[in-house]
Amino acid sequence: MIIDAIKNGIVIDHIAAGKAMELYQILGLGELDCSVAILKNVVSGKLGRKDIIKIDRDLDLDWDIIGYVDPNITVNIIKDGERVEKRQLKMPETITGVIHCKNPRCITSVEQELPQVFKLTDRANRVYRCRYCEAKAAKSGNL
Amino acid sequence: MENVRSLIDILELSVEEIDGLVATATDIIANPAAYAHKCDGRILATLFFEPSTRTRLSFESAMLSLGGQVLGFSEAASSSAAKGESVADTVRTVSCYSDIIAMRHPKEGAPLVASMHSTVPVINAGDGGHNHPTQTLTDLMTIHHEKGRFENLTIGFCGDLKFGRTVHSLISAMSRYRGTRIVLISPEELKLPSYVKKEVLQRCGIEYIQTTDLEAVMPQLDILYMTRVQRERFFNEEDYLRLKDSYILTAEKLWNAKEDLSILHPLPRVNEISVAVDRDPRAAYFKQVRYGRYIRMALILKLLGIN
């Protein structure tokens, strides 16, 4: 299968197999008017299988969201057909407006205009907790 | 507001600050007259969005004993929350009428939201099953007065360790002291949640054991923190009936306890401590209520910046 190389844009690589659509949705890539290619279950020496997203335009992505979904993802910035930057992501200390607290006893369940803020409380186990009630966030696959 | 100090979670206070509060509360007990006018002209607002007798009266008694005054409401129905007002708007308004706020709310995180919008200090007086830092301060004050120290104590927690917020908070607070040893006594159905064991006990390197047999571990304990086993927590009546009597503390069950054991309970008690135990000098749970008032006085002074 051949997908054209991009000239100026972004390649999001090493996405865990099956996670590309989730990332596509939370980054709002469906709203772009440029070409966006999603490659699923690509053979990978490192991961066995992986997903890749290619975006045919240079744009400012929310790196924190990508780091939250999977800090092992790599982001390559392409300019004039060459990779000019390879970004290593890290898990953000806080994420706002991405995950919603599912705890029915949380104040956010009745005051919906409050910003949904989650804090990283256990980096090793990738645990985020609600700023208000400290309920554990659902895994990123259940946004 | 960033320049105003509130208290939402007990862990916001350092061990040194807790020592300072205990020292102030101890001095208040010794010299109440010296503190009787410390808060003259100051107003405490008690915003209780759900009913509470003990905590609200303790806060009110604390402020009145400092010479201050009190206003507020004791249920959401008598507040503008019943009209749909947000916590942020309520607290912005009440900040204009008072110098400090004590808030109880059924929704977890509501006092934190209040503290983000208040121009005066906010004290969390209980937010659902989440935090209740002044109960923990009360427990710590009692432990310090009964044992003379926080270090090297073996504390048994008995009863409902799964849903009891006071248990989780006190375990977190005591995990900061050297030599703390925790004994968890509960039925299988009400064991301490694994995240508390993992994120508090194991992370702090605290030695702990779990058991279902209170009498077997009784001789080890310096402090026994009793809680109520609640019928509604069980999936079937049979299990409740089978287990409930195991965790009623009677005078007979204290036969092998240390002579200087201290028995604590956050109250209210239903039947989990036999009335006969009240006469035992090791029963500290009514003294605990008294200490609650003094430690709240000390906290009010600290948050208002009054020496």
# chains A, B, ... in the order shown; residues from 1 in each chain; ligands from 1
call {"tool": "interface_residues", "arguments": {"of": "chain B", "to": "chain A", "cutoff": "6 Å", "atoms": "only C-alpha atoms", "output": "MDAnalysis selection string"}}
result
chainID B and resid 107:110
call {"tool": "write_last_selection", "arguments": {"atoms": "N, CA and C atoms", "output": "PDB file, in the first residue's frame"}}
result
ATOM      1  N   LYS B 107     -21.584  17.692  46.992  1.00  0.00           N
ATOM      2  CA  LYS B 107     -20.809  17.388  45.784  1.00  0.00           C
ATOM      3  C   LYS B 107     -19.307  17.516  46.052  1.00  0.00           C
ATOM      4  N   GLU B 108     -18.578  16.524  45.606  1.00  0.00           N
ATOM      5  CA  GLU B 108     -17.142  16.485  45.860  1.00  0.00           C
ATOM      6  C   GLU B 108     -16.422  17.544  45.012  1.00  0.00           C
ATOM      7  N   GLY B 109     -15.601  18.334  45.680  1.00  0.00           N
ATOM      8  CA  GLY B 109     -14.863  19.381  44.980  1.00  0.00           C
ATOM      9  C   GLY B 109     -15.515  20.751  45.085  1.00  0.00           C
ATOM     10  N   ALA B 110     -16.730  20.813  45.629  1.00  0.00           N
ATOM     11  CA  ALA B 110     -17.411  22.116  45.715  1.00  0.00           C
ATOM     12  C   ALA B 110     -16.624  23.126  46.558  1.00  0.00           C
TER      13      ALA B 110
END
call {"tool": "residues_around", "arguments": {"residues": "B:Gln135", "least_positions_apart": "6", "cutoff": "9 Å", "atoms": "only C-alpha atoms", "output": "ChimeraX atom specification"}}
result
/B:55,125-126,166,169-170,266,292
call {"tool": "closest_residue", "arguments": {"among": "A:Glu85, A:Arg129, A:Lys119, A:Ile77", "to": "A:Cys101", "atoms": "only C-alpha atoms"}}
result
A:Arg129
call {"tool": "select_by_dssp", "arguments": {"residues": "stretch 51-140 of chain A", "states": "strand (DSSP E or B)", "output": "VMD selection string"}}
result
chain A and resid 51 to 55 74 to 79 82 to 88 94 to 96 106 117 to 122 127 to 130 136
call {"tool": "write_last_selection", "arguments": {"atoms": "N, CA and C atoms", "output": "short mmCIF file (atom, residue, chain, number, x, y, z; two decimals), in the first residue's frame"}}
result
data_model
loop_
_atom_site.label_atom_id
_atom_site.label_comp_id
_atom_site.auth_asym_id
_atom_site.auth_seq_id
_atom_site.Cartn_x
_atom_site.Cartn_y
_atom_site.Cartn_z
N ASP A 51 -0.18 2.47 14.37
CA ASP A 51 -0.95 3.35 13.50
C ASP A 51 -0.11 4.59 13.21
N ILE A 52 -0.39 5.23 12.10
CA ILE A 52 0.31 6.47 11.72
C ILE A 52 -0.73 7.47 11.20
N ILE A 53 -0.55 8.74 11.50
CA ILE A 53 -1.39 9.78 10.91
C ILE A 53 -0.47 10.75 10.16
N LYS A 54 -0.82 11.04 8.90
CA LYS A 54 -0.05 12.01 8.12
C LYS A 54 -0.97 13.20 7.83
N ILE A 55 -0.48 14.38 8.13
CA ILE A 55 -1.27 15.60 7.91
C ILE A 55 -0.51 16.46 6.90
N THR A 74 5.59 9.49 18.53
CA THR A 74 6.58 10.48 18.07
C THR A 74 5.93 11.35 17.00
N VAL A 75 6.34 12.61 16.99
CA VAL A 75 5.79 13.54 16.01
C VAL A 75 6.94 14.08 15.15
N ASN A 76 6.81 13.93 13.85
CA ASN A 76 7.83 14.40 12.92
C ASN A 76 7.30 15.61 12.16
N ILE A 77 8.08 16.67 12.14
CA ILE A 77 7.70 17.87 11.39
C ILE A 77 8.44 17.80 10.04
N ILE A 78 7.69 17.90 8.98
CA ILE A 78 8.26 17.78 7.64
C ILE A 78 8.23 19.15 6.94
N LYS A 79 9.38 19.55 6.39
CA LYS A 79 9.43 20.80 5.62
C LYS A 79 10.19 20.53 4.33
N GLU A 82 11.62 17.14 3.86
CA GLU A 82 12.62 16.62 4.78
C GLU A 82 12.09 16.71 6.22
N ARG A 83 12.50 15.74 7.05
CA ARG A 83 12.14 15.83 8.47
C ARG A 83 13.06 16.84 9.14
N VAL A 84 12.50 17.90 9.65
CA VAL A 84 13.32 18.94 10.27
C VAL A 84 13.27 18.87 11.81
N GLU A 85 12.31 18.12 12.33
CA GLU A 85 12.20 18.03 13.79
C GLU A 85 11.50 16.74 14.17
N LYS A 86 12.03 16.08 15.21
CA LYS A 86 11.37 14.90 15.75
C LYS A 86 11.07 15.19 17.21
N ARG A 87 9.80 15.26 17.55
CA ARG A 87 9.44 15.64 18.91
C ARG A 87 9.19 14.42 19.79
N GLN A 88 9.84 14.42 20.94
CA GLN A 88 9.55 13.39 21.94
C GLN A 88 8.50 13.99 22.88
N THR A 94 -1.05 18.60 33.70
CA THR A 94 -2.52 18.77 33.76
C THR A 94 -3.07 18.78 32.33
N ILE A 95 -4.30 18.31 32.20
CA ILE A 95 -4.97 18.41 30.91
C ILE A 95 -6.35 19.03 31.16
N THR A 96 -6.71 19.94 30.32
CA THR A 96 -7.95 20.69 30.50
C THR A 96 -8.84 20.52 29.28
N CYS A 106 -19.29 14.29 41.69
CA CYS A 106 -18.37 15.41 41.47
C CYS A 106 -19.15 16.70 41.21
N VAL A 117 -10.66 19.67 34.51
CA VAL A 117 -9.21 19.67 34.68
C VAL A 117 -8.79 18.36 35.37
N PHE A 118 -7.80 17.71 34.77
CA PHE A 118 -7.27 16.48 35.38
C PHE A 118 -5.77 16.65 35.63
N LYS A 119 -5.31 16.09 36.75
CA LYS A 119 -3.90 16.21 37.13
C LYS A 119 -3.24 14.85 37.12
N LEU A 120 -1.99 14.83 36.67
CA LEU A 120 -1.21 13.60 36.67
C LEU A 120 -0.78 13.29 38.10
N THR A 121 -1.21 12.15 38.64
CA THR A 121 -0.87 11.82 40.03
C THR A 121 0.06 10.62 40.13
N ASP A 122 0.17 9.83 39.08
CA ASP A 122 1.04 8.65 39.10
C ASP A 122 1.60 8.46 37.69
N VAL A 127 -1.69 7.64 35.66
CA VAL A 127 -2.98 7.90 36.32
C VAL A 127 -3.24 9.41 36.40
N TYR A 128 -4.38 9.80 35.87
CA TYR A 128 -4.85 11.19 35.99
C TYR A 128 -6.06 11.20 36.91
N ARG A 129 -6.14 12.25 37.75
CA ARG A 129 -7.30 12.37 38.64
C ARG A 129 -7.94 13.74 38.47
N CYS A 130 -9.26 13.74 38.65
CA CYS A 130 -10.03 14.98 38.54
C CYS A 130 -9.54 15.98 39.58
N LYS A 136 -10.42 8.90 39.53
CA LYS A 136 -9.45 8.50 38.52
C LYS A 136 -10.09 8.64 37.14
#
call {"tool": "residues_around", "arguments": {"residues": "stretch 138-150 of chain B", "least_positions_apart": "5", "cutoff": "10 Å", "atoms": "only C-alpha atoms", "output": "MDAnalysis selection string"}}
result
chainID B and resid 15 18:19 21:23 25:26 133 155 166 169:170 173:174 176:180 222:223 225 260:266 282 284:285 287:296
call {"tool": "write_last_selection", "arguments": {"atoms": "N, CA and C atoms", "output": "compact mmCIF listing (two decimals), in the first residue's frame"}}
result
# COMPACT_ATOMS: atom_id res chain seq x y z
N VAL B 15 3.45 19.08 58.18
CA VAL B 15 3.46 18.54 59.55
C VAL B 15 3.83 19.64 60.55
N ILE B 18 0.69 21.58 61.23
CA ILE B 18 -0.20 20.83 62.11
C ILE B 18 0.31 20.91 63.55
N ASP B 19 1.63 20.80 63.72
CA ASP B 19 2.20 20.96 65.07
C ASP B 19 1.84 22.33 65.63
N LEU B 21 -0.77 24.24 64.85
CA LEU B 21 -2.20 24.30 65.18
C LEU B 21 -2.48 23.57 66.50
N VAL B 22 -1.85 22.42 66.68
CA VAL B 22 -2.05 21.66 67.92
C VAL B 22 -1.52 22.48 69.10
N ALA B 23 -0.39 23.15 68.90
CA ALA B 23 0.18 23.96 69.99
C ALA B 23 -0.76 25.12 70.34
N ALA B 25 -4.04 25.25 69.78
CA ALA B 25 -5.25 24.70 70.40
C ALA B 25 -4.99 24.31 71.85
N THR B 26 -3.81 23.80 72.11
CA THR B 26 -3.45 23.41 73.48
C THR B 26 -3.37 24.66 74.37
N PRO B 133 -11.19 17.80 56.17
CA PRO B 133 -9.90 18.04 56.84
C PRO B 133 -10.01 18.43 58.31
N ILE B 155 -1.84 2.20 64.84
CA ILE B 155 -3.24 2.64 64.80
C ILE B 155 -4.08 1.58 64.12
N THR B 166 -13.17 9.64 56.67
CA THR B 166 -12.33 10.03 57.80
C THR B 166 -11.16 9.07 57.94
N SER B 169 -8.52 9.91 55.13
CA SER B 169 -7.79 11.16 55.42
C SER B 169 -6.82 10.96 56.58
N LEU B 170 -7.25 10.26 57.62
CA LEU B 170 -6.36 10.08 58.77
C LEU B 170 -5.18 9.18 58.40
N ALA B 173 -2.79 11.40 56.60
CA ALA B 173 -2.11 12.33 57.52
C ALA B 173 -1.07 11.59 58.36
N MET B 174 -1.41 10.42 58.88
CA MET B 174 -0.49 9.69 59.76
C MET B 174 0.67 9.06 58.99
N ARG B 176 2.63 10.44 57.21
CA ARG B 176 3.77 11.36 57.12
C ARG B 176 4.67 11.29 58.36
N TYR B 177 4.23 10.49 59.36
CA TYR B 177 5.02 10.45 60.60
C TYR B 177 5.84 9.17 60.70
N ARG B 178 7.03 9.34 61.24
CA ARG B 178 7.97 8.23 61.37
C ARG B 178 7.41 7.15 62.30
N GLY B 179 7.58 5.91 61.90
CA GLY B 179 7.22 4.79 62.76
C GLY B 179 5.73 4.47 62.83
N THR B 180 4.93 5.10 61.97
CA THR B 180 3.49 4.79 61.97
C THR B 180 3.29 3.36 61.47
N ASP B 222 -2.04 1.06 69.81
CA ASP B 222 -1.96 2.24 70.67
C ASP B 222 -3.24 3.06 70.54
N ILE B 223 -3.82 3.02 69.34
CA ILE B 223 -5.06 3.76 69.06
C ILE B 223 -6.00 2.83 68.31
N TYR B 225 -9.34 3.23 66.09
CA TYR B 225 -10.24 4.19 65.45
C TYR B 225 -11.44 3.41 64.92
N ASP B 260 -2.98 1.77 78.03
CA ASP B 260 -3.03 3.16 77.57
C ASP B 260 -3.59 3.28 76.14
N LEU B 261 -4.36 2.29 75.73
CA LEU B 261 -5.04 2.39 74.43
C LEU B 261 -5.94 3.62 74.43
N SER B 262 -6.07 4.27 73.26
CA SER B 262 -7.06 5.36 73.12
C SER B 262 -8.07 4.95 72.06
N ILE B 263 -9.35 5.02 72.40
CA ILE B 263 -10.41 4.63 71.46
C ILE B 263 -11.02 5.91 70.88
N LEU B 264 -10.92 6.03 69.56
CA LEU B 264 -11.47 7.21 68.87
C LEU B 264 -12.62 6.79 67.97
N HIS B 265 -13.49 7.73 67.67
CA HIS B 265 -14.61 7.49 66.75
C HIS B 265 -15.03 8.87 66.22
N PRO B 266 -15.21 9.02 64.92
CA PRO B 266 -15.58 10.36 64.42
C PRO B 266 -17.01 10.76 64.81
N ARG B 282 -10.17 4.56 78.65
CA ARG B 282 -9.52 4.56 77.34
C ARG B 282 -10.43 5.13 76.25
N ALA B 284 -11.96 7.79 74.22
CA ALA B 284 -11.56 9.19 74.02
C ALA B 284 -12.51 9.92 73.07
N TYR B 285 -13.59 9.27 72.63
CA TYR B 285 -14.39 9.85 71.54
C TYR B 285 -15.21 11.07 71.94
N LYS B 287 -14.04 13.22 74.30
CA LYS B 287 -12.98 14.23 74.39
C LYS B 287 -12.62 14.74 72.99
N GLN B 288 -12.71 13.82 72.04
CA GLN B 288 -12.42 14.14 70.63
C GLN B 288 -13.32 15.28 70.14
N VAL B 289 -14.58 15.24 70.54
CA VAL B 289 -15.52 16.30 70.15
C VAL B 289 -15.06 17.64 70.72
N ARG B 290 -14.62 17.60 71.96
CA ARG B 290 -14.16 18.82 72.63
C ARG B 290 -12.91 19.37 71.92
N TYR B 291 -12.00 18.48 71.62
CA TYR B 291 -10.79 18.90 70.93
C TYR B 291 -11.11 19.50 69.56
N GLY B 292 -12.17 19.02 68.95
CA GLY B 292 -12.58 19.52 67.64
C GLY B 292 -12.87 21.01 67.65
N ARG B 293 -13.46 21.46 68.73
CA ARG B 293 -13.77 22.89 68.85
C ARG B 293 -12.48 23.70 68.96
N TYR B 294 -11.54 23.24 69.77
CA TYR B 294 -10.30 24.00 69.98
C TYR B 294 -9.42 24.03 68.73
N ILE B 295 -9.36 22.90 68.04
CA ILE B 295 -8.50 22.89 66.85
C ILE B 295 -9.13 23.75 65.75
N ARG B 296 -10.46 23.83 65.71
CA ARG B 296 -11.10 24.72 64.73
C ARG B 296 -10.85 26.18 65.11
call {"tool": "atom_distance", "arguments": {"atom1": "atom CA of B:Pro187", "atom2": "atom CA of B:Thr154"}}
result
19.9 Å
call {"tool": "select_by_dssp", "arguments": {"residues": "stretch 23-123 of chain A", "states": "helix (DSSP H, G or I)", "output": "ChimeraX atom specification"}}
result
/A:23-26,29-31,63-69,107-109
call {"tool": "residues_around", "arguments": {"residues": "B:Phe59", "least_positions_apart": "4", "cutoff": "12 Å", "atoms": "only C-alpha atoms", "output": "MDAnalysis selection string"}}
result
chainID B and resid 43:48 52:55 63:66 68:72 100:104 123:125 134:135 138 289:300
call {"tool": "closest_residue", "arguments": {"among": "B:Leu153, B:Leu301, B:Val196, B:Ile273", "to": "B:His37", "atoms": "only C-alpha atoms"}}
result
B:Leu301
call {"tool": "residues_around", "arguments": {"residues": "A:Asn8", "least_positions_apart": "6", "cutoff": "7 Å", "atoms": "only C-alpha atoms", "output": "list in words"}}
result
Asp56, Arg57, Asp58, Ile78, Lys79, Asp80 and Gly81 of chain A
call {"tool": "write_last_selection", "arguments": {"atoms": "N, CA and C atoms", "output": "mmCIF file, in the first residue's frame"}}
result
data_model
loop_
_atom_site.group_PDB
_atom_site.id
_atom_site.type_symbol
_atom_site.label_atom_id
_atom_site.label_comp_id
_atom_site.auth_asym_id
_atom_site.auth_seq_id
_atom_site.Cartn_x
_atom_site.Cartn_y
_atom_site.Cartn_z
ATOM 1 N N ASP A 56 -1.174 16.787 5.843
ATOM 2 C CA ASP A 56 -0.503 17.490 4.740
ATOM 3 C C ASP A 56 -0.562 19.008 4.923
ATOM 4 N N ARG A 57 -0.189 19.434 6.106
ATOM 5 C CA ARG A 57 -0.130 20.877 6.361
ATOM 6 C C ARG A 57 0.601 21.087 7.693
ATOM 7 N N ASP A 58 1.347 22.166 7.787
ATOM 8 C CA ASP A 58 2.002 22.498 9.050
ATOM 9 C C ASP A 58 0.978 23.200 9.929
ATOM 10 N N ILE A 78 7.692 17.898 8.976
ATOM 11 C CA ILE A 78 8.264 17.785 7.635
ATOM 12 C C ILE A 78 8.228 19.153 6.936
ATOM 13 N N LYS A 79 9.383 19.549 6.395
ATOM 14 C CA LYS A 79 9.427 20.797 5.617
ATOM 15 C C LYS A 79 10.194 20.533 4.330
ATOM 16 N N ASP A 80 9.626 20.925 3.231
ATOM 17 C CA ASP A 80 10.240 20.704 1.910
ATOM 18 C C ASP A 80 10.648 19.243 1.723
ATOM 19 N N GLY A 81 9.794 18.355 2.199
ATOM 20 C CA GLY A 81 10.024 16.924 2.009
ATOM 21 C C GLY A 81 11.031 16.309 2.955
#
call {"tool": "atom_distance", "arguments": {"atom1": "atom CA of B:His117", "atom2": "atom CA of B:Gly305"}}
result
19.5 Å
